[in-house]
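*Asks:* File follows, query-v6.cif with mmCIF, C-alpha atoms and all ligand atoms:
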data_target
loop_
_atom_site.group_PDB
_atom_site.id
_atom_site.type_symbol
_atom_site.label_atom_id
_atom_site.label_comp_id
_atom_site.auth_asym_id
_atom_site.auth_seq_id
_atom_site.Cartn_x
_atom_site.Cartn_y
_atom_site.Cartn_z
ATOM 1 C CA MET U 41 37.790 -17.932 68.322
ATOM 2 C CA GLU U 42 37.947 -21.477 69.672
ATOM 3 C CA THR U 43 39.619 -24.194 67.594
ATOM 4 C CA ARG U 44 36.255 -25.947 67.217
ATOM 5 C CA MET U 45 34.707 -22.742 65.867
ATOM 6 C CA TRP U 46 37.542 -22.337 63.369
ATOM 7 C CA SER U 47 36.962 -25.896 62.124
ATOM 8 C CA GLU U 48 33.235 -25.233 61.729
ATOM 9 C CA LEU U 49 33.894 -21.950 59.960
ATOM 10 C CA LEU U 50 36.427 -23.449 57.568
ATOM 11 C CA GLU U 51 34.721 -26.773 56.810
ATOM 12 C CA PRO U 52 32.548 -25.423 53.934
ATOM 13 C CA TYR U 53 35.690 -23.828 52.469
ATOM 14 C CA HIS U 54 37.379 -27.241 52.471
ATOM 15 C CA GLN U 55 34.329 -28.625 50.713
ATOM 16 C CA ALA U 56 34.424 -25.836 48.116
ATOM 17 C CA VAL U 57 38.122 -26.428 47.384
ATOM 18 C CA ASP U 58 37.635 -30.205 47.132
ATOM 19 C CA GLU U 59 34.683 -29.819 44.770
ATOM 20 C CA LEU U 60 36.364 -27.246 42.542
ATOM 21 C CA LEU U 61 39.510 -29.360 42.238
ATOM 22 C CA VAL U 62 37.430 -32.286 41.002
ATOM 23 C CA LYS U 63 35.483 -30.063 38.611
ATOM 24 C CA PHE U 64 38.510 -28.392 37.021
ATOM 25 C CA LYS U 65 40.369 -31.702 36.743
ATOM 26 C CA HIS U 66 37.366 -33.025 34.841
ATOM 27 C CA VAL U 67 37.410 -30.002 32.520
ATOM 28 C CA ARG U 68 41.001 -30.972 31.662
ATOM 29 C CA GLU U 69 39.949 -34.605 31.202
ATOM 30 C CA GLU U 70 37.125 -33.598 28.854
ATOM 31 C CA TYR U 71 39.596 -31.762 26.615
ATOM 32 C CA ASN U 72 41.927 -34.767 26.671
ATOM 33 C CA GLN U 73 39.125 -37.194 25.866
ATOM 34 C CA ARG U 74 38.167 -35.086 22.856
ATOM 35 C CA GLY U 75 41.819 -35.158 21.776
ATOM 36 C CA GLU U 76 41.975 -31.386 22.185
ATOM 37 C CA TYR U 77 44.591 -29.245 23.849
ATOM 38 C CA SER U 78 43.580 -28.350 27.408
ATOM 39 C CA PRO U 79 44.268 -24.794 28.599
ATOM 40 C CA ILE U 80 44.367 -26.265 32.107
ATOM 41 C CA GLU U 81 47.688 -27.927 32.824
ATOM 42 C CA SER U 82 47.149 -28.648 36.518
ATOM 43 C CA VAL U 83 45.036 -27.555 39.468
ATOM 44 C CA ILE U 84 45.851 -27.249 43.139
ATOM 45 C CA GLY U 85 43.944 -25.775 46.048
ATOM 46 C CA ARG U 86 44.131 -24.992 49.711
ATOM 47 C CA VAL U 87 42.214 -23.488 52.601
ATOM 48 C CA LYS U 88 44.158 -20.679 54.220
ATOM 49 C CA ARG U 89 45.921 -21.693 57.418
ATOM 50 C CA ILE U 90 44.500 -20.160 60.619
ATOM 51 C CA SER U 91 47.849 -18.470 61.327
ATOM 52 C CA SER U 92 47.789 -16.840 57.865
ATOM 53 C CA ILE U 93 44.163 -15.760 58.359
ATOM 54 C CA LEU U 94 45.046 -14.121 61.679
ATOM 55 C CA GLU U 95 48.097 -12.463 60.144
ATOM 56 C CA LYS U 96 46.077 -11.064 57.227
ATOM 57 C CA ALA U 97 43.237 -9.928 59.520
ATOM 58 C CA GLN U 98 45.713 -8.141 61.762
ATOM 59 C CA LYS U 99 47.546 -6.533 58.832
ATOM 60 C CA LYS U 100 44.314 -5.246 57.300
ATOM 61 C CA GLY U 101 42.566 -4.398 60.568
ATOM 62 C CA ILE U 102 39.749 -6.888 59.976
ATOM 63 C CA ALA U 103 37.653 -7.925 62.984
ATOM 64 C CA LEU U 104 37.372 -11.700 63.480
ATOM 65 C CA ASP U 105 33.607 -11.510 62.875
ATOM 66 C CA ASP U 106 34.204 -9.974 59.450
ATOM 67 C CA ILE U 107 36.741 -12.524 58.254
ATOM 68 C CA GLU U 108 34.368 -14.340 55.912
ATOM 69 C CA ASP U 109 33.200 -11.087 54.306
ATOM 70 C CA LYS U 110 36.528 -9.362 54.040
ATOM 71 C CA ILE U 111 39.102 -12.081 53.382
ATOM 72 C CA GLU U 112 38.394 -13.331 49.890
ATOM 73 C CA ASP U 113 40.949 -16.101 49.718
ATOM 74 C CA LEU U 114 39.988 -18.324 52.667
ATOM 75 C CA ALA U 115 39.452 -20.864 49.907
ATOM 76 C CA GLY U 116 41.972 -20.716 47.102
ATOM 77 C CA VAL U 117 42.290 -22.651 43.887
ATOM 78 C CA ARG U 118 45.254 -22.253 41.559
ATOM 79 C CA ILE U 119 45.020 -23.210 37.918
ATOM 80 C CA ILE U 120 48.309 -23.593 36.099
ATOM 81 C CA CYS U 121 48.505 -23.132 32.342
ATOM 82 C CA GLN U 122 51.276 -23.618 29.818
ATOM 83 C CA PHE U 123 50.846 -20.400 27.849
ATOM 84 C CA THR U 124 49.742 -16.851 28.660
ATOM 85 C CA ASP U 125 46.772 -17.050 26.240
ATOM 86 C CA ASP U 126 45.486 -20.094 28.124
ATOM 87 C CA ILE U 127 44.963 -17.912 31.187
ATOM 88 C CA TYR U 128 42.217 -15.977 29.400
ATOM 89 C CA ALA U 129 40.732 -19.192 27.990
ATOM 90 C CA VAL U 130 40.471 -20.510 31.554
ATOM 91 C CA ARG U 131 38.938 -17.224 32.700
ATOM 92 C CA ASP U 132 36.282 -17.689 29.982
ATOM 93 C CA ILE U 133 35.672 -21.295 31.017
ATOM 94 C CA ILE U 134 34.963 -20.064 34.555
ATOM 95 C CA LYS U 135 32.753 -17.251 33.229
ATOM 96 C CA ASN U 136 30.614 -19.738 31.320
ATOM 97 C CA ARG U 137 30.056 -22.094 34.233
ATOM 98 C CA SER U 138 26.695 -21.917 35.969
ATOM 99 C CA ASP U 139 28.207 -22.924 39.309
ATOM 100 C CA CYS U 140 30.732 -20.057 39.435
ATOM 101 C CA GLU U 141 29.642 -16.441 39.632
ATOM 102 C CA ILE U 142 32.585 -14.125 39.051
ATOM 103 C CA VAL U 143 32.328 -11.154 41.413
ATOM 104 C CA GLU U 144 35.775 -9.658 40.878
ATOM 105 C CA GLU U 145 38.687 -9.934 38.438
ATOM 106 C CA LYS U 146 42.254 -8.749 38.962
ATOM 107 C CA ASP U 147 44.510 -8.856 35.927
ATOM 108 C CA TYR U 148 48.042 -8.896 37.306
ATOM 109 C CA VAL U 149 49.166 -10.469 34.033
ATOM 110 C CA THR U 150 48.835 -7.307 31.955
ATOM 111 C CA HIS U 151 49.351 -5.083 34.989
ATOM 112 C CA SER U 152 51.921 -6.829 37.123
ATOM 113 C CA LYS U 153 52.234 -5.880 40.791
ATOM 114 C CA LYS U 154 55.123 -3.680 41.929
ATOM 115 C CA SER U 155 56.815 -6.813 43.251
ATOM 116 C CA GLY U 156 56.819 -8.240 39.718
ATOM 117 C CA TYR U 157 54.021 -10.693 40.634
ATOM 118 C CA ARG U 158 51.934 -11.805 37.658
ATOM 119 C CA SER U 159 48.780 -13.889 37.795
ATOM 120 C CA TYR U 160 45.084 -13.514 36.911
ATOM 121 C CA HIS U 161 42.780 -13.595 39.920
ATOM 122 C CA VAL U 162 39.064 -14.158 39.861
ATOM 123 C CA ILE U 163 36.945 -14.116 42.959
ATOM 124 C CA ILE U 164 33.829 -16.222 42.600
ATOM 125 C CA ASN U 165 30.712 -16.830 44.614
ATOM 126 C CA TYR U 166 30.343 -20.564 44.988
ATOM 127 C CA ASN U 167 27.522 -22.542 46.583
ATOM 128 C CA VAL U 168 28.188 -25.527 48.789
ATOM 129 C CA GLU U 169 25.461 -27.784 50.096
ATOM 130 C CA THR U 170 25.971 -28.281 53.820
ATOM 131 C CA GLU U 171 23.949 -30.039 56.487
ATOM 132 C CA LEU U 172 22.597 -26.604 57.438
ATOM 133 C CA GLY U 173 21.577 -25.725 53.907
ATOM 134 C CA THR U 174 23.175 -23.943 50.979
ATOM 135 C CA LYS U 175 26.076 -21.667 51.832
ATOM 136 C CA THR U 176 27.447 -19.159 49.357
ATOM 137 C CA LEU U 177 31.090 -18.415 49.898
ATOM 138 C CA LYS U 178 33.914 -16.665 48.117
ATOM 139 C CA VAL U 179 36.744 -18.553 46.456
ATOM 140 C CA GLU U 180 39.823 -16.947 44.949
ATOM 141 C CA ILE U 181 41.002 -18.602 41.752
ATOM 142 C CA GLN U 182 44.544 -17.727 40.695
ATOM 143 C CA ILE U 183 45.299 -18.482 37.056
ATOM 144 C CA ARG U 184 48.916 -18.335 35.943
ATOM 145 C CA THR U 185 51.482 -19.952 33.678
ATOM 146 C CA LEU U 186 54.036 -22.498 34.865
ATOM 147 C CA ALA U 187 56.698 -19.800 34.627
ATOM 148 C CA MET U 188 54.653 -17.239 36.602
ATOM 149 C CA ASP U 189 53.988 -19.898 39.224
ATOM 150 C CA PHE U 190 57.693 -20.687 39.514
ATOM 151 C CA TRP U 191 58.514 -17.022 40.122
ATOM 152 C CA ALA U 192 55.654 -16.483 42.609
ATOM 153 C CA THR U 193 56.598 -19.574 44.606
ATOM 154 C CA ILE U 194 60.234 -18.491 44.922
ATOM 155 C CA GLU U 195 59.294 -14.904 45.741
ATOM 156 C CA HIS U 196 56.772 -16.040 48.356
ATOM 157 C CA SER U 197 59.457 -18.149 50.088
ATOM 158 C CA LEU U 198 61.912 -15.262 50.066
ATOM 159 C CA GLN U 199 59.313 -12.830 51.416
ATOM 160 C CA TYR U 200 58.657 -15.324 54.201
ATOM 161 C CA LYS U 201 62.350 -15.772 54.939
ATOM 162 C CA TYR U 202 63.029 -12.018 55.111
ATOM 163 C CA LYS U 203 59.633 -11.224 56.724
ATOM 164 C CA GLY U 204 58.709 -8.949 53.820
ATOM 165 C CA LYS U 205 61.918 -6.901 54.009
ATOM 166 C CA LEU U 206 63.963 -8.213 51.124
ATOM 167 C CA PRO U 207 67.614 -7.108 50.940
ATOM 168 C CA ALA U 208 68.221 -4.783 47.978
ATOM 169 C CA ASN U 209 70.333 -7.303 46.046
ATOM 170 C CA VAL U 210 67.709 -10.068 46.425
ATOM 171 C CA SER U 211 64.980 -7.646 45.422
ATOM 172 C CA GLN U 212 66.975 -6.599 42.355
ATOM 173 C CA ARG U 213 67.517 -10.216 41.313
ATOM 174 C CA LEU U 214 63.831 -10.979 41.762
ATOM 175 C CA ASN U 215 63.032 -8.006 39.568
ATOM 176 C CA ASN U 216 65.422 -9.254 36.907
ATOM 177 C CA SER U 217 63.961 -12.735 37.075
ATOM 178 C CA ALA U 218 60.417 -11.322 36.789
ATOM 179 C CA GLN U 219 61.534 -9.744 33.491
ATOM 180 C CA ALA U 220 63.059 -13.048 32.433
ATOM 181 C CA ILE U 221 59.733 -14.769 33.152
ATOM 182 C CA VAL U 222 57.914 -12.290 30.886
ATOM 183 C CA SER U 223 60.415 -13.064 28.086
ATOM 184 C CA LEU U 224 60.176 -16.810 28.729
ATOM 185 C CA ASP U 225 56.375 -16.738 28.448
ATOM 186 C CA GLU U 226 56.618 -14.657 25.253
ATOM 187 C CA GLU U 227 59.155 -17.026 23.707
ATOM 188 C CA MET U 228 57.068 -20.081 24.588
ATOM 189 C CA SER U 229 53.945 -18.429 23.153
ATOM 190 C CA ALA U 230 55.826 -17.763 19.916
ATOM 191 C CA ILE U 231 56.466 -21.491 19.430
ATOM 192 C CA ARG U 232 53.176 -22.552 20.988
ATOM 193 C CA ASP U 233 51.953 -24.410 17.874
ATOM 194 C CA GLU U 234 55.172 -26.427 17.680
ATOM 195 C CA ILE U 235 54.943 -27.352 21.357
ATOM 196 C CA VAL U 236 51.253 -28.274 21.203
ATOM 197 C CA ASP U 237 51.871 -30.381 18.048
ATOM 198 C CA ALA U 238 54.669 -32.253 19.797
ATOM 199 C CA GLN U 239 52.533 -32.863 22.877
ATOM 200 C CA ASN U 240 49.600 -34.048 20.763
ATOM 201 C CA SER U 241 51.832 -36.467 18.839
ATOM 202 C CA PHE U 242 53.103 -37.813 22.125
ATOM 203 C CA LYS U 243 49.546 -38.369 23.405
ATOM 204 C CA ILE U 244 48.410 -39.950 20.110
ATOM 205 C CA LYS U 245 51.417 -42.283 20.136
ATOM 206 C CA ALA U 246 50.744 -43.292 23.744
ATOM 207 C CA ARG U 247 47.103 -44.072 22.889
ATOM 208 C CA ILE U 248 48.000 -46.122 19.800
ATOM 209 C CA VAL U 249 50.688 -48.101 21.645
ATOM 210 C CA SER U 250 48.251 -48.867 24.444
ATOM 211 C CA GLU U 251 45.599 -50.035 21.902
ATOM 212 C CA ILE U 252 48.108 -52.229 20.082
ATOM 213 C CA LEU U 253 49.418 -53.848 23.262
ATOM 214 C CA ASN U 254 45.868 -54.438 24.461
ATOM 215 C CA ASN U 255 44.995 -56.133 21.166
ATOM 216 C CA ILE U 256 48.158 -58.246 21.228
ATOM 217 C CA GLN U 257 47.378 -59.329 24.775
ATOM 218 C CA ASN U 258 43.855 -60.316 23.723
ATOM 219 C CA LEU U 259 45.159 -62.183 20.679
ATOM 220 C CA TYR U 260 47.282 -64.373 22.939
ATOM 221 C CA ARG U 261 44.039 -65.738 24.367
ATOM 222 C CA VAL U 262 42.610 -66.769 21.026
ATOM 223 C CA ALA U 263 45.289 -67.037 18.363
ATOM 224 C CA ASN U 264 48.222 -69.242 17.714
ATOM 225 C CA ASP U 265 51.236 -68.243 19.874
ATOM 226 C CA ARG U 266 53.613 -68.169 16.906
ATOM 227 C CA GLU U 267 51.342 -65.863 14.949
ATOM 228 C CA VAL U 268 50.999 -63.452 17.871
ATOM 229 C CA THR U 269 54.755 -63.468 18.523
ATOM 230 C CA LYS U 270 55.268 -62.537 14.864
ATOM 231 C CA ILE U 271 52.786 -59.648 15.223
ATOM 232 C CA GLN U 272 54.515 -58.537 18.406
ATOM 233 C CA ASP U 273 57.963 -58.551 16.749
ATOM 234 C CA GLU U 274 56.542 -56.540 13.875
ATOM 235 C CA PHE U 275 55.137 -54.032 16.363
ATOM 236 C CA TYR U 276 58.530 -53.616 18.113
ATOM 237 C CA GLU U 277 60.208 -53.080 14.769
ATOM 238 C CA ILE U 278 57.693 -50.392 13.734
ATOM 239 C CA TYR U 279 57.858 -48.811 17.184
ATOM 240 C CA GLU U 280 61.638 -48.542 16.974
ATOM 241 C CA ARG U 281 61.376 -46.811 13.606
ATOM 242 C CA GLY U 282 59.283 -44.171 15.410
ATOM 243 C CA ASP U 283 57.040 -43.356 12.425
ATOM 244 C CA LEU U 284 53.582 -42.417 13.725
ATOM 245 C CA ASP U 285 51.788 -43.009 10.388
ATOM 246 C CA THR U 286 53.117 -46.565 10.112
ATOM 247 C CA LEU U 287 52.197 -47.197 13.738
ATOM 248 C CA GLU U 288 48.648 -45.943 13.070
ATOM 249 C CA LYS U 289 48.366 -48.185 9.975
ATOM 250 C CA PHE U 290 49.589 -51.177 11.981
ATOM 251 C CA ASP U 291 47.023 -50.377 14.699
ATOM 252 C CA ARG U 292 44.203 -50.384 12.119
ATOM 253 C CA GLU U 293 45.390 -53.657 10.580
ATOM 254 C CA LEU U 294 45.604 -55.263 13.992
ATOM 255 C CA ASP U 295 42.046 -54.110 14.676
ATOM 256 C CA HIS U 296 40.906 -56.002 11.573
ATOM 257 C CA ILE U 297 42.732 -59.152 12.691
ATOM 258 C CA VAL U 298 41.120 -58.930 16.119
ATOM 259 C CA GLU U 299 37.697 -58.297 14.596
ATOM 260 C CA GLY U 300 38.241 -61.346 12.398
ATOM 261 C CA TYR U 301 38.699 -63.557 15.444
ATOM 262 C CA HIS U 302 35.796 -61.863 17.131
ATOM 263 C CA SER U 303 33.427 -62.524 14.233
ATOM 264 C CA GLN U 304 34.468 -66.181 14.187
ATOM 265 C CA SER U 305 32.833 -66.213 17.629
ATOM 266 C CA LEU U 306 35.899 -67.591 19.243
ATOM 267 C CA PRO U 307 35.979 -67.126 23.027
ATOM 268 C CA ALA U 308 34.838 -63.639 23.900
ATOM 269 C CA PHE U 309 37.595 -61.326 24.861
ATOM 270 C CA ASP U 310 37.842 -57.933 26.453
ATOM 271 C CA LEU U 311 38.724 -55.177 24.018
ATOM 272 C CA GLY U 312 38.721 -52.470 26.658
ATOM 273 C CA ASP U 313 41.652 -51.339 28.788
ATOM 274 C CA ASP U 314 42.688 -53.903 31.356
HETATM 275 P P1 LIG U 401 48.995 -16.515 50.684
HETATM 276 O O1 LIG U 401 50.002 -16.975 51.672
HETATM 277 O O2 LIG U 401 49.315 -16.947 49.311
HETATM 278 O O3 LIG U 401 47.613 -16.873 51.085
HETATM 279 P P2 LIG U 401 46.892 -7.553 49.345
HETATM 280 O O4 LIG U 401 45.926 -6.543 49.867
HETATM 281 O O5 LIG U 401 47.537 -7.164 48.047
HETATM 282 O O6 LIG U 401 47.881 -8.016 50.369
HETATM 283 P P3 LIG U 401 44.599 -9.145 48.624
HETATM 284 O O7 LIG U 401 43.798 -7.902 48.689
HETATM 285 O O8 LIG U 401 44.094 -10.305 49.385
HETATM 286 O O9 LIG U 401 46.110 -8.898 49.051
HETATM 287 O O10 LIG U 401 44.611 -9.566 47.131
HETATM 288 P P4 LIG U 401 45.758 -9.829 46.110
HETATM 289 O O11 LIG U 401 46.742 -8.722 46.052
HETATM 290 O O12 LIG U 401 45.048 -10.144 44.873
HETATM 291 O O13 LIG U 401 46.551 -11.086 46.691
HETATM 292 C C1 LIG U 401 45.943 -12.286 46.979
HETATM 293 C C2 LIG U 401 46.951 -13.406 46.866
HETATM 294 O O14 LIG U 401 47.703 -13.288 45.657
HETATM 295 C C3 LIG U 401 48.010 -13.431 47.946
HETATM 296 O O15 LIG U 401 47.512 -14.034 49.102
HETATM 297 C C4 LIG U 401 49.103 -14.246 47.261
HETATM 298 O O16 LIG U 401 48.774 -15.623 47.238
HETATM 299 C C5 LIG U 401 49.044 -13.730 45.860
HETATM 300 N N1 LIG U 401 49.933 -12.568 45.726
HETATM 301 C C6 LIG U 401 49.578 -11.279 45.641
HETATM 302 N N2 LIG U 401 50.664 -10.492 45.504
HETATM 303 C C7 LIG U 401 51.739 -11.322 45.511
HETATM 304 C C8 LIG U 401 53.150 -11.089 45.392
HETATM 305 O O17 LIG U 401 53.640 -9.965 45.261
HETATM 306 N N3 LIG U 401 53.940 -12.189 45.431
HETATM 307 C C9 LIG U 401 53.459 -13.458 45.569
HETATM 308 N N4 LIG U 401 54.319 -14.474 45.594
HETATM 309 N N5 LIG U 401 52.117 -13.695 45.688
HETATM 310 C C10 LIG U 401 51.279 -12.650 45.664
HETATM 311 P P5 LIG U 401 48.195 -13.763 50.498
HETATM 312 O O18 LIG U 401 47.151 -13.804 51.538
HETATM 313 O O19 LIG U 401 48.988 -12.508 50.451
HETATM 314 O O20 LIG U 401 49.188 -14.934 50.681
#
Once you've parsed the file, please lay out its structure as structure tokens.
Ligand code: 0O2
*Replies:*
Amino acid sequence: METRMWSELLEPYHQAVDELLVKFKHVREEYNQRGEYSPIESVIGRVKRISSILEKAQKKGIALDDIEDKIEDLAGVRIICQFTDDIYAVRDIIKNRSDCEIVEEKDYVTHSKKSGYRSYHVIINYNVETELGTKTLKVEIQIRTLAMDFWATIEHSLQYKYKGKLPANVSQRLNNSAQAIVSLDEEMSAIRDEIVDAQNSFKIKARIVSEILNNIQNLYRVANDREVTKIQDEFYEIYERGDLDTLEKFDRELDHIVEGYHSQSLPAFDLGDD
């Protein structure tokens, strides 16, 4: 196939990956905006390199004309989660979307591959709107935890280095580390609530601090400098104490002060994020 033909063939797959990355990032944002824990930690994607396509086609005896039908991961999206349970939550999110039709599922999480590889794969039919009309193509979505991703990335590099023929000692160590990854995921799941609580507190604190600083900045435009400096010092003192409840109370009180100035119709000021 000529290079130009490859580009034409792969262009809709690039579009599909780009679109799905945006969509899944927005799913995560929606959870964050609602102040809820997002089962999606991060999303990456790629279109398979031509050299990898040729290699796979050769390995599986696929004719070049059948590539689109028979290679399901020309477009690949990887969704990384924190905990094993999140993988199934993400699978359900995909199931419920009207723009993704799941055509195949491979659960390598419960049934790991012989290599020790663990990940949940879904193959979807996805429509892209092209200049030539709607094109339905397959996208492989790999869903895995951070720990599973770490293992798979290392193993993939080693397989590449040794051209698929891993020395026995490396293979043994990879097997051991695959076991360690299973234990790590189990341990993390056992303290999931603690971890999620800590992460939520961190996010809440970041939001409150940003609100307070925004209000203080706005007060500088309308209030007496000495008064605002006093408020700012008070904020630093509360911040250093690190008590979230007191910080929240201070935030509410500051809101009242700002509203007070606002209702006095003093110069309008921006209460949104700068
Ligand atoms: P790349 O470079 O990631 O694109 P198979 O017949 O098993 O070779 P198939 O039928 O395409 O492959 O489906 P499968 O087994 O679900 O694997 C699809 C993809 O999952 C692979 O794509 C890898 O990305 C990943 N994967 C599967 N098994 C392993 C494994 O043992 N180790 C690692 N690190 N990744 C794996 P490609 O095309 O093989 O590779």
*Asks:* Can I get the residues close to ligand LIG 401 (chain U) as a count of residues only, where close means within 6 Å and we count all atoms listed in the file?
*Replies:* 6
*Asks:* For the PyMOL selection byres (((chain U and resi 275) around 10) and not hetatm), applied here, can you spell out every residue it catches as JSON, numbers by chain?
*Replies:* {"U": [249, 252, 253, 256, 269, 270, 271, 272, 273, 274, 276, 277, 278, 279, 280, 281, 286, 287, 290, 291, 294]}
*Asks:* For the selection you just gave me, I'd like the residues written to a file as a short mmCIF file (atom, residue, chain, number, x, y, z; two decimals), in the coordinates of the input, keeping C-alpha atoms.
*Replies:*
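The resulting file, out_14.cif, is reproduced below:
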data_model
loop_
_atom_site.label_atom_id
_atom_site.label_comp_id
_atom_site.auth_asym_id
_atom_site.auth_seq_id
_atom_site.Cartn_x
_atom_site.Cartn_y
_atom_site.Cartn_z
CA VAL U 249 50.69 -48.10 21.64
CA ILE U 252 48.11 -52.23 20.08
CA LEU U 253 49.42 -53.85 23.26
CA ILE U 256 48.16 -58.25 21.23
CA THR U 269 54.76 -63.47 18.52
CA LYS U 270 55.27 -62.54 14.86
CA ILE U 271 52.79 -59.65 15.22
CA GLN U 272 54.52 -58.54 18.41
CA ASP U 273 57.96 -58.55 16.75
CA GLU U 274 56.54 -56.54 13.88
CA TYR U 276 58.53 -53.62 18.11
CA GLU U 277 60.21 -53.08 14.77
CA ILE U 278 57.69 -50.39 13.73
CA TYR U 279 57.86 -48.81 17.18
CA GLU U 280 61.64 -48.54 16.97
CA ARG U 281 61.38 -46.81 13.61
CA THR U 286 53.12 -46.56 10.11
CA LEU U 287 52.20 -47.20 13.74
CA PHE U 290 49.59 -51.18 11.98
CA ASP U 291 47.02 -50.38 14.70
CA LEU U 294 45.60 -55.26 13.99
#
*Asks:* Kindly provide, as a list in words, the polymer residues lying within 10 Å of (37.3, -10.3, 40.8), counting all atoms listed in the file and using the coordinates exactly as they appear in the file.
*Replies:*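 With a cut-off of 10 Å, the residues come to Glu112, Glu141, Ile142, Val143, Glu144, Glu145, Lys146, Asp147, Tyr160, His161, Val162, Ile163, Ile164, Glu180 and Ile181 of chain U.
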*Asks:* Store the residues picked out above, limited to C-alpha atoms, as a compact mmCIF listing (two decimals), in the frame of the given file.
*Replies:*
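See part-v2.txt below for the written result:
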# COMPACT_ATOMS: atom_id res chain seq x y z
CA GLU U 112 38.39 -13.33 49.89
CA GLU U 141 29.64 -16.44 39.63
CA ILE U 142 32.58 -14.12 39.05
CA VAL U 143 32.33 -11.15 41.41
CA GLU U 144 35.78 -9.66 40.88
CA GLU U 145 38.69 -9.93 38.44
CA LYS U 146 42.25 -8.75 38.96
CA ASP U 147 44.51 -8.86 35.93
CA TYR U 160 45.08 -13.51 36.91
CA HIS U 161 42.78 -13.60 39.92
CA VAL U 162 39.06 -14.16 39.86
CA ILE U 163 36.94 -14.12 42.96
CA ILE U 164 33.83 -16.22 42.60
CA GLU U 180 39.82 -16.95 44.95
CA ILE U 181 41.00 -18.60 41.75
*Asks:* So which one's closest to Val67 in chain U, U:Lys88, U:His54, U:Lys99, U:Arg137? Using all atoms listed in the file, please.
*Replies:*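 So, comparing all the options, the nearest one is U:Arg137.
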*Asks:* For Glu267 in chain U, which residue out of U:Trp46, U:Ala56, U:Asp283, U:Ile297 is the nearest one, using only C-alpha atoms?
*Replies:* U:Ile297
*Asks:* What residues come out when you apply the PyMOL selection byres (((chain U and resi 223-233) around 10) and not hetatm) to this file, written as number ranges by chain?
*Replies:* U: 122-126, 185-188, 217-222, 234-239
*Asks:* Which residues, protein or nucleic acid, reach to within 7 Å of (43.8, -21.7, 48.5) in the file's coordinates when using all atoms listed in the file, and can you give that as a ChimeraX atom specification?
*Replies:* /U:85-88,113-117
*Asks:* Can you write out the residues you just picked, keeping C-alpha atoms, as an mmCIF file, in the coordinates of the input?
*Replies:*
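Below is the file that was written, selection.cif:
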data_model
loop_
_atom_site.group_PDB
_atom_site.id
_atom_site.type_symbol
_atom_site.label_atom_id
_atom_site.label_comp_id
_atom_site.auth_asym_id
_atom_site.auth_seq_id
_atom_site.Cartn_x
_atom_site.Cartn_y
_atom_site.Cartn_z
ATOM 1 C CA GLY U 85 43.944 -25.775 46.048
ATOM 2 C CA ARG U 86 44.131 -24.992 49.711
ATOM 3 C CA VAL U 87 42.214 -23.488 52.601
ATOM 4 C CA LYS U 88 44.158 -20.679 54.220
ATOM 5 C CA ASP U 113 40.949 -16.101 49.718
ATOM 6 C CA LEU U 114 39.988 -18.324 52.667
ATOM 7 C CA ALA U 115 39.452 -20.864 49.907
ATOM 8 C CA GLY U 116 41.972 -20.716 47.102
ATOM 9 C CA VAL U 117 42.290 -22.651 43.887
#
*Asks:* For range 135-148 of chain U, I'd like the enclosing box, axis-aligned and padded by 8 Å on every side, reported as JSON with centre and edge lengths in Å to one decimal.
*Replies:*
{"center_x": 37.4, "center_y": -15.8, "center_z": 36.4, "size_x": 37.3, "size_y": 30.2, "size_z": 26.1}
*Asks:* Given the file above and the PyMOL selection byres (((chain U and resi 75-79) around 7) and not hetatm), which residues are selected, and can you give them as a ChimeraX atom specification?
*Replies:* /U:68,71-74,80-81,121,126,129-130
*Asks:* Which residue gives the smallest distance to Leu50 in chain U among U:His66, U:Lys100, U:Lys178, U:Lys135, with all atoms listed in the file counted?
*Replies:*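 Using all atoms listed in the file, Leu50 in chain U sits closest to U:Lys178.
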*Asks:* For the structure just given, write the atoms of range 156-167 of chain U, namely C-alpha atoms, as a PDB file, in the first residue's frame.
*Replies:*
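This is the output file result_12.pdb:
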ATOM      1  CA  GLY U 156       0.453 -12.393  33.472  1.00  0.00           C
ATOM      2  CA  TYR U 157      -1.133  -9.540  31.466  1.00  0.00           C
ATOM      3  CA  ARG U 158      -4.263  -8.102  33.076  1.00  0.00           C
ATOM      4  CA  SER U 159      -6.597  -5.554  31.537  1.00  0.00           C
ATOM      5  CA  TYR U 160     -10.245  -5.345  30.427  1.00  0.00           C
ATOM      6  CA  HIS U 161     -10.679  -4.922  26.685  1.00  0.00           C
ATOM      7  CA  VAL U 162     -13.799  -3.787  24.922  1.00  0.00           C
ATOM      8  CA  ILE U 163     -14.047  -3.514  21.187  1.00  0.00           C
ATOM      9  CA  ILE U 164     -16.596  -0.948  20.098  1.00  0.00           C
ATOM     10  CA  ASN U 165     -18.152   0.128  16.848  1.00  0.00           C
ATOM     11  CA  TYR U 166     -17.768   3.872  16.618  1.00  0.00           C
ATOM     12  CA  ASN U 167     -19.097   6.257  13.980  1.00  0.00           C
TER      13      ASN U 167
END
